[in-house]
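Heads up, upload34.cif below (mmCIF, C-alpha atoms):
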data_entry
#
loop_
_atom_site.label_atom_id
_atom_site.label_comp_id
_atom_site.auth_asym_id
_atom_site.auth_seq_id
_atom_site.Cartn_x
_atom_site.Cartn_y
_atom_site.Cartn_z
CA MET W 1 71.74 29.40 -14.92
CA SER W 2 70.73 29.11 -11.30
CA GLY W 3 67.47 30.99 -12.01
CA ALA W 4 66.55 28.56 -14.80
CA THR W 5 67.31 25.62 -12.54
CA GLN W 6 65.06 27.03 -9.83
CA THR W 7 62.28 27.65 -12.37
CA ALA W 8 62.54 24.07 -13.66
CA ALA W 9 62.49 22.72 -10.14
CA LEU W 10 59.28 24.56 -9.18
CA PRO W 11 56.85 22.33 -11.19
CA ILE W 12 58.50 19.23 -9.74
CA ALA W 13 58.11 20.54 -6.20
CA ARG W 14 54.49 21.47 -6.84
CA ARG W 15 53.83 18.06 -8.38
CA ARG W 16 55.28 16.32 -5.34
CA LYS W 17 53.19 18.51 -3.03
CA LYS W 18 49.98 17.62 -4.89
CA ILE W 19 50.77 13.91 -4.67
CA ARG W 20 51.33 14.18 -0.95
CA ILE W 21 48.07 16.07 -0.42
CA SER W 22 46.12 13.52 -2.45
CA GLN W 23 47.68 10.71 -0.46
CA ILE W 24 46.72 12.40 2.80
CA VAL W 25 43.15 12.87 1.57
CA LEU W 26 42.98 9.24 0.45
CA VAL W 27 44.29 8.00 3.80
CA ALA W 28 41.84 10.25 5.66
CA ILE W 29 38.89 8.96 3.65
CA THR W 30 40.03 5.37 4.19
CA LEU W 31 40.31 5.96 7.94
CA ILE W 32 36.81 7.46 8.04
CA PHE W 33 35.34 4.42 6.30
CA LEU W 34 37.38 2.15 8.55
CA VAL W 35 36.00 3.82 11.66
CA LEU W 36 32.44 3.61 10.31
CA THR W 37 32.97 -0.08 9.59
CA LEU W 38 34.55 -0.96 12.94
CA TYR W 39 32.27 1.14 15.14
CA PRO W 40 29.40 -1.40 15.17
CA PHE W 41 31.87 -4.13 16.15
CA PHE W 42 33.21 -1.93 18.93
CA MET W 43 29.69 -1.31 20.23
CA MET W 44 28.95 -5.03 20.05
CA LEU W 45 31.97 -5.77 22.23
CA VAL W 46 31.10 -2.94 24.64
CA ARG W 47 27.51 -4.07 25.15
CA SER W 48 28.43 -7.74 25.44
CA VAL W 49 30.12 -7.14 28.82
CA LYS W 50 27.46 -4.94 30.42
CA SER W 51 25.00 -5.75 33.17
CA LEU W 52 21.40 -4.55 33.01
CA PRO W 53 22.00 -1.37 35.10
CA GLN W 54 25.14 -0.54 33.08
CA GLU W 55 23.23 -0.94 29.82
CA MET W 56 20.36 1.22 31.03
CA TYR W 57 22.41 4.14 32.35
CA ASP W 58 25.55 4.08 30.20
CA PRO W 59 24.98 1.98 27.07
CA ASN W 60 27.58 3.50 24.72
CA THR W 61 30.83 3.52 26.71
CA LEU W 62 32.94 1.04 28.61
CA THR W 63 31.75 0.41 32.15
CA PHE W 64 33.40 -1.55 34.93
CA PRO W 65 33.39 -4.23 36.14
CA PHE W 66 32.98 -6.29 32.96
CA GLN W 67 30.27 -8.95 33.07
CA TRP W 68 32.27 -11.89 31.70
CA GLU W 69 29.49 -14.18 32.87
CA ASN W 70 27.52 -13.07 29.80
CA PHE W 71 29.81 -15.16 27.58
CA SER W 72 29.50 -18.35 29.60
CA GLU W 73 25.72 -17.95 29.73
CA ALA W 74 25.56 -17.21 26.00
CA TRP W 75 27.73 -20.23 25.19
CA GLY W 76 25.33 -22.45 27.10
CA LEU W 77 22.54 -21.20 24.83
CA ILE W 78 24.29 -21.46 21.45
CA ASP W 79 26.92 -24.22 21.73
CA GLU W 80 24.78 -26.95 20.18
CA SER W 81 23.55 -24.60 17.46
CA ILE W 82 27.10 -23.63 16.46
CA LEU W 83 28.15 -27.28 16.15
CA ARG W 84 24.99 -28.01 14.17
CA THR W 85 25.65 -25.04 11.90
CA PHE W 86 29.24 -26.14 11.27
CA GLY W 87 28.05 -29.56 10.15
CA VAL W 88 25.51 -28.08 7.74
CA VAL W 89 27.88 -25.44 6.36
CA ILE W 90 30.73 -27.91 5.79
CA LEU W 91 28.39 -30.19 3.83
CA ILE W 92 27.14 -27.24 1.77
CA THR W 93 30.65 -26.01 1.00
CA ALA W 94 32.05 -29.44 0.13
CA GLY W 95 29.03 -30.33 -2.01
CA LEU W 96 29.10 -27.03 -3.87
CA LEU W 97 32.83 -27.19 -4.62
CA LEU W 98 32.58 -30.78 -5.86
CA VAL W 99 29.58 -30.23 -8.14
CA ALA W 100 30.71 -26.81 -9.38
CA SER W 101 34.28 -27.91 -10.13
CA LEU W 102 33.11 -31.04 -11.97
CA THR W 103 30.62 -29.03 -14.03
CA ALA W 104 33.15 -26.29 -14.77
CA TYR W 105 35.73 -28.88 -15.80
CA GLY W 106 33.24 -30.53 -18.15
CA LEU W 107 32.27 -27.19 -19.70
CA THR W 108 35.95 -26.41 -20.22
CA ARG W 109 37.32 -29.72 -21.48
CA TYR W 110 34.46 -31.37 -23.36
CA ARG W 111 32.74 -30.40 -26.60
CA ILE W 112 29.16 -30.13 -25.40
CA PRO W 113 26.37 -29.15 -27.83
CA GLY W 114 24.93 -25.80 -26.80
CA LYS W 115 27.73 -25.10 -24.34
CA GLY W 116 27.53 -21.36 -25.01
CA ALA W 117 23.80 -21.36 -24.30
CA ILE W 118 24.42 -23.21 -21.02
CA VAL W 119 26.93 -20.59 -19.90
CA ILE W 120 24.54 -17.78 -20.88
CA ALA W 121 21.80 -19.54 -18.90
CA PHE W 122 24.07 -19.57 -15.83
CA LEU W 123 24.68 -15.83 -16.27
CA ALA W 124 20.95 -15.19 -16.66
CA VAL W 125 20.16 -17.09 -13.46
CA MET W 126 22.78 -15.05 -11.61
CA MET W 127 20.90 -11.86 -12.55
CA VAL W 128 17.65 -13.01 -10.87
CA PRO W 129 17.33 -11.80 -7.23
CA SER W 130 17.02 -14.69 -4.81
CA SER W 131 14.01 -13.05 -3.15
CA LEU W 132 11.98 -13.57 -6.33
CA THR W 133 12.48 -17.33 -6.22
CA LEU W 134 11.91 -17.72 -2.48
CA ILE W 135 8.21 -18.63 -2.64
CA PRO W 136 8.54 -21.13 -5.54
CA GLN W 137 11.56 -22.65 -3.84
CA TYR W 138 9.65 -23.01 -0.57
CA GLN W 139 6.72 -24.57 -2.44
CA LEU W 140 9.04 -27.06 -4.15
CA VAL W 141 11.06 -28.03 -1.08
CA VAL W 142 8.36 -28.07 1.61
CA VAL W 143 5.13 -28.91 -0.22
CA ASN W 144 6.29 -31.05 -3.15
CA TYR W 145 9.23 -32.87 -1.54
CA GLY W 146 8.24 -32.69 2.12
CA MET W 147 11.66 -31.56 3.36
CA ALA W 148 10.42 -29.26 6.13
CA GLY W 149 12.42 -29.76 9.30
CA THR W 150 15.19 -31.72 7.55
CA TRP W 151 18.81 -30.88 6.87
CA GLN W 152 18.36 -31.83 3.22
CA GLY W 153 15.86 -29.00 2.98
CA ILE W 154 18.63 -26.54 3.87
CA ILE W 155 21.65 -28.13 2.19
CA LEU W 156 20.34 -29.05 -1.27
CA PRO W 157 18.54 -25.76 -2.13
CA THR W 158 21.50 -23.75 -0.84
CA ILE W 159 23.90 -25.67 -3.07
CA ALA W 160 21.57 -25.31 -6.04
CA GLY W 161 21.22 -21.56 -5.51
CA ALA W 162 24.99 -20.99 -5.30
CA LEU W 163 25.92 -23.22 -8.25
CA PRO W 164 25.63 -20.71 -11.15
CA MET W 165 28.09 -18.22 -9.65
CA ALA W 166 30.49 -20.94 -8.49
CA ILE W 167 30.47 -22.71 -11.89
CA PHE W 168 31.07 -19.43 -13.69
CA LEU W 169 34.06 -18.47 -11.52
CA ILE W 170 35.70 -21.89 -11.50
CA ARG W 171 35.14 -22.35 -15.25
CA THR W 172 36.79 -18.98 -15.91
CA PHE W 173 39.78 -20.12 -13.87
CA PHE W 174 39.99 -23.49 -15.70
CA MET W 175 39.94 -21.69 -19.05
CA GLY W 176 43.09 -19.83 -18.01
CA LEU W 177 45.08 -23.02 -17.41
CA PRO W 178 47.58 -23.86 -20.21
CA ASN W 179 46.19 -26.43 -22.62
CA GLU W 180 49.68 -27.91 -23.04
CA ILE W 181 49.41 -29.44 -19.56
CA TYR W 182 46.37 -31.46 -20.60
CA GLU W 183 47.98 -32.43 -23.91
CA ALA W 184 51.07 -33.75 -22.11
CA ALA W 185 48.87 -35.70 -19.69
CA THR W 186 46.90 -37.17 -22.60
CA ILE W 187 50.13 -38.35 -24.26
CA ASP W 188 51.07 -40.06 -20.99
CA GLY W 189 47.77 -41.95 -21.08
CA CYS W 190 46.01 -39.94 -18.37
CA SER W 191 42.21 -40.16 -18.40
CA ASN W 192 39.96 -37.11 -18.13
CA LEU W 193 38.95 -38.01 -14.60
CA ARG W 194 42.60 -38.44 -13.61
CA MET W 195 43.43 -35.06 -15.15
CA TYR W 196 40.62 -33.52 -13.12
CA PHE W 197 41.96 -34.86 -9.82
CA SER W 198 45.70 -34.61 -10.58
CA ILE W 199 45.90 -31.40 -12.64
CA ALA W 200 42.78 -29.25 -12.53
CA LEU W 201 42.05 -29.44 -8.81
CA PRO W 202 45.62 -28.88 -7.51
CA LEU W 203 46.14 -25.92 -9.86
CA SER W 204 42.77 -24.40 -8.95
CA LEU W 205 43.26 -24.38 -5.17
CA PRO W 206 43.27 -20.53 -5.00
CA ILE W 207 39.86 -20.16 -6.67
CA LEU W 208 38.47 -23.16 -4.78
CA ALA W 209 39.61 -21.59 -1.51
CA THR W 210 38.05 -18.26 -2.52
CA GLN W 211 34.75 -19.82 -3.50
CA GLY W 212 34.78 -22.12 -0.48
CA LEU W 213 35.34 -19.24 1.93
CA LEU W 214 32.58 -17.16 0.33
CA THR W 215 30.19 -20.13 0.46
CA PHE W 216 31.09 -20.94 4.06
CA MET W 217 30.55 -17.37 5.21
CA SER W 218 27.28 -16.85 3.35
CA SER W 219 25.87 -20.21 4.53
CA TYR W 220 27.01 -19.63 8.11
CA ASN W 221 25.32 -16.20 8.15
CA ASP W 222 22.17 -17.29 6.32
CA PHE W 223 19.08 -16.64 8.41
CA LEU W 224 15.96 -16.64 6.27
CA TRP W 225 16.05 -20.06 4.59
CA PRO W 226 16.98 -22.13 7.69
CA TYR W 227 14.38 -20.16 9.66
CA LEU W 228 11.69 -21.06 7.11
CA ILE W 229 12.66 -24.74 6.83
CA MET W 230 13.33 -25.67 10.45
CA GLN W 231 10.23 -25.97 12.63
CA SER W 232 11.66 -25.66 16.15
CA SER W 233 14.40 -23.72 17.91
CA GLU W 234 16.20 -27.00 18.70
CA GLN W 235 16.90 -27.34 14.96
CA TYR W 236 17.86 -23.74 14.22
CA THR W 237 21.23 -22.78 12.80
CA ILE W 238 23.15 -20.11 14.67
CA SER W 239 21.78 -17.09 12.78
CA ALA W 240 18.16 -18.16 13.24
CA LEU W 241 18.73 -18.96 16.90
CA LEU W 242 20.36 -15.59 17.60
CA VAL W 243 17.42 -13.77 16.04
CA ARG W 244 15.06 -15.78 18.25
CA LEU W 245 17.15 -14.99 21.34
CA THR W 246 17.10 -11.30 20.40
CA ARG W 247 13.32 -11.28 20.18
CA THR W 248 13.03 -13.13 23.48
CA ALA W 249 15.38 -10.72 25.24
CA ALA W 250 13.51 -7.70 23.87
CA THR W 251 10.16 -8.94 25.18
CA THR W 252 10.96 -10.79 28.41
CA GLN W 253 14.16 -9.27 29.85
CA ASN W 254 13.35 -5.53 29.86
CA GLY W 255 15.30 -5.13 26.65
CA TYR W 256 18.57 -6.35 28.20
CA MET W 257 20.79 -7.61 25.37
CA GLY W 258 24.09 -8.32 27.14
CA VAL W 259 23.88 -12.10 26.98
CA THR W 260 22.45 -12.11 23.45
CA ILE W 261 25.13 -9.77 22.11
CA ALA W 262 27.77 -11.94 23.79
CA GLY W 263 26.28 -14.77 21.72
CA TYR W 264 26.78 -12.69 18.59
CA VAL W 265 30.43 -12.14 19.55
CA LEU W 266 31.01 -15.86 20.12
CA ALA W 267 29.29 -16.72 16.83
CA SER W 268 31.55 -14.29 14.96
CA ILE W 269 34.80 -15.80 16.21
CA PRO W 270 34.83 -18.90 13.93
CA LEU W 271 34.45 -16.74 10.81
CA LEU W 272 37.25 -14.41 11.91
CA VAL W 273 39.57 -17.35 12.62
CA LEU W 274 38.70 -18.96 9.28
CA PHE W 275 39.38 -15.77 7.37
CA VAL W 276 42.74 -15.26 9.11
CA ILE W 277 43.74 -18.81 8.15
CA CYS W 278 42.50 -18.59 4.54
CA ASN W 279 43.10 -14.92 3.71
CA LYS W 280 46.25 -15.57 1.64
CA GLN W 281 44.50 -18.13 -0.55
CA PHE W 282 41.46 -15.84 -0.73
CA VAL W 283 43.48 -12.87 -1.99
CA LYS W 284 45.45 -15.11 -4.35
CA GLY W 285 42.22 -16.45 -5.84
CA ILE W 286 40.86 -12.94 -6.40
CA THR W 287 44.07 -11.67 -8.02
CA SER W 288 44.81 -14.76 -10.11
CA GLY W 289 42.46 -13.80 -12.92
CA SER W 290 39.47 -15.73 -11.65
CA PHE W 291 37.19 -12.71 -11.96
CA LYS W 292 38.19 -11.77 -15.49
CA MET W 293 35.52 -12.14 -18.14
#

Have the structure of the file written as structure tokens, please.
Amino acid sequence: MSGATQTAALPIARRRKKIRISQIVLVAITLIFLVLTLYPFFMMLVRSVKSLPQEMYDPNTLTFPFQWENFSEAWGLIDESILRTFGVVILITAGLLLVASLTAYGLTRYRIPGKGAIVIAFLAVMMVPSSLTLIPQYQLVVVNYGMAGTWQGIILPTIAGALPMAIFLIRTFFMGLPNEIYEAATIDGCSNLRMYFSIALPLSLPILATQGLLTFMSSYNDFLWPYLIMQSSEQYTISALLVRLTRTAATTQNGYMGVTIAGYVLASIPLLVLFVICNKQFVKGITSGSFKM
């Protein structure tokens, strides 16, 4: 009896051992990818507090004393650009969420002729790489409408380019809302616009927060389009200005990047703070069925 019990217990023990080994392997692989992801950030922090001699003779390790003056000097170069970028990005995010949510609500609630074709058109546009439309978009915005050097030239095309994806995601979320809620509101005499503001928007806060955070981050980090539209460094958003400062440092300061990299660190802080504040809503929006087809 004892021998049979030991024999029956062997597969269980082996099974448990395999699970533990697979977990260790999975954790090890995750740690490797984590180190590879965080290493550039570590090097950015290390080089942001170096002086020119420290960077020349020991660029890859911590050196003392730290040059905290790099941050104050970098802030003096980028403070106006960060405030300018925040204004542009907030307008882009608010405009996108308003237009996308209204369009998604209309595609969900109203009987629109050719609604299926419209949705397919949105999906088709999402498949086109943005680099292919860059030249026609520049021709339209700068040559035809004369928006070079204006904030409208950045805000409106950015909203238009992000609309298909945003409409698709928000519409998918609206389709998952119970229809009984709208029927009860209709019986109470609620108009469609009132249902949009009182029912659809409050219930869709997770997906709106997810889309808003994605839009904010992508617009904040966007370099190419603001660089093409704005005609002077005094108008640049933060990404375009940092690229210009990097080129200047590489050509005029013997390659010393301490101040410029400190600017990169300072420019990254708002996004980190925003993600820490909104991460619960972001995860909730992703896991609430918003990405289901």

Completion exercise
Students should find that CA of Arg84 in chain W and CA of Val259 in chain W are spaced 20.5 Å

Fill in the blank from the handout: One decimal place gives the CA of Ala74 in chain W-CA of Val273 in chain W separation as 19.4 Å

Residue IDs satisfying the PyMOL selection byres ((chain W and resi 96) around 10), as a PDB file with C-alpha atoms, in the frame of the given file:
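The result, written out as selection-v1.pdb:
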ATOM      1  CA  ILE W  90      30.730 -27.910   5.790  1.00  0.00           C
ATOM      2  CA  LEU W  91      28.390 -30.190   3.830  1.00  0.00           C
ATOM      3  CA  ILE W  92      27.140 -27.240   1.770  1.00  0.00           C
ATOM      4  CA  THR W  93      30.650 -26.010   1.000  1.00  0.00           C
ATOM      5  CA  ALA W  94      32.050 -29.440   0.130  1.00  0.00           C
ATOM      6  CA  GLY W  95      29.030 -30.330  -2.010  1.00  0.00           C
ATOM      7  CA  LEU W  97      32.830 -27.190  -4.620  1.00  0.00           C
ATOM      8  CA  LEU W  98      32.580 -30.780  -5.860  1.00  0.00           C
ATOM      9  CA  VAL W  99      29.580 -30.230  -8.140  1.00  0.00           C
ATOM     10  CA  ALA W 100      30.710 -26.810  -9.380  1.00  0.00           C
ATOM     11  CA  SER W 101      34.280 -27.910 -10.130  1.00  0.00           C
ATOM     12  CA  LEU W 102      33.110 -31.040 -11.970  1.00  0.00           C
ATOM     13  CA  ILE W 155      21.650 -28.130   2.190  1.00  0.00           C
ATOM     14  CA  LEU W 156      20.340 -29.050  -1.270  1.00  0.00           C
ATOM     15  CA  THR W 158      21.500 -23.750  -0.840  1.00  0.00           C
ATOM     16  CA  ILE W 159      23.900 -25.670  -3.070  1.00  0.00           C
ATOM     17  CA  ALA W 160      21.570 -25.310  -6.040  1.00  0.00           C
ATOM     18  CA  GLY W 161      21.220 -21.560  -5.510  1.00  0.00           C
ATOM     19  CA  ALA W 162      24.990 -20.990  -5.300  1.00  0.00           C
ATOM     20  CA  LEU W 163      25.920 -23.220  -8.250  1.00  0.00           C
ATOM     21  CA  ALA W 166      30.490 -20.940  -8.490  1.00  0.00           C
ATOM     22  CA  ILE W 167      30.470 -22.710 -11.890  1.00  0.00           C
ATOM     23  CA  GLN W 211      34.750 -19.820  -3.500  1.00  0.00           C
ATOM     24  CA  GLY W 212      34.780 -22.120  -0.480  1.00  0.00           C
ATOM     25  CA  THR W 215      30.190 -20.130   0.460  1.00  0.00           C
TER      26      THR W 215
END

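What separates CA of Glu55 in chain W from CA of Val243 in chain W is a distance of 19.7 Å.
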
When the PyMOL selection byres ((chain W and resi 231) around 12) is applied to the structure above, which residues does it catch, written out as a compact mmCIF listing (two decimals) with C-alpha atoms, in the frame of the given file?
# COMPACT_ATOMS: atom_id res chain seq x y z
CA VAL W 142 8.36 -28.07 1.61
CA MET W 147 11.66 -31.56 3.36
CA ALA W 148 10.42 -29.26 6.13
CA GLY W 149 12.42 -29.76 9.30
CA THR W 150 15.19 -31.72 7.55
CA TRP W 151 18.81 -30.88 6.87
CA GLY W 153 15.86 -29.00 2.98
CA TRP W 225 16.05 -20.06 4.59
CA PRO W 226 16.98 -22.13 7.69
CA TYR W 227 14.38 -20.16 9.66
CA LEU W 228 11.69 -21.06 7.11
CA ILE W 229 12.66 -24.74 6.83
CA MET W 230 13.33 -25.67 10.45
CA SER W 232 11.66 -25.66 16.15
CA SER W 233 14.40 -23.72 17.91
CA GLU W 234 16.20 -27.00 18.70
CA GLN W 235 16.90 -27.34 14.96
CA TYR W 236 17.86 -23.74 14.22
CA THR W 237 21.23 -22.78 12.80
CA ALA W 240 18.16 -18.16 13.24
CA LEU W 241 18.73 -18.96 16.90

Exercise for the section: Enumerate, as a PyMOL selection string, the protein, DNA and RNA residues whose atoms approach (21.7, -14.4, -10.8) to within 12 Å, taking into account only C-alpha atoms and the coordinate frame of the file. Expected result: chain W and resi 120-133+160-166+168

Practice task
Would you write out, as an MDAnalysis selection string, every residue that the PyMOL selection byres ((chain W and resi 58-63) around 10) captures in this file?
Solution key: chainID W and resid 42:47 49:57 64:67

Fill in the blank from the handout: Judged by all atoms listed in the file, the minimum distance to Thr85 in chain W among W:Met217, W:Leu193, W:Ile238, W:Leu26 is found for W:Ile238
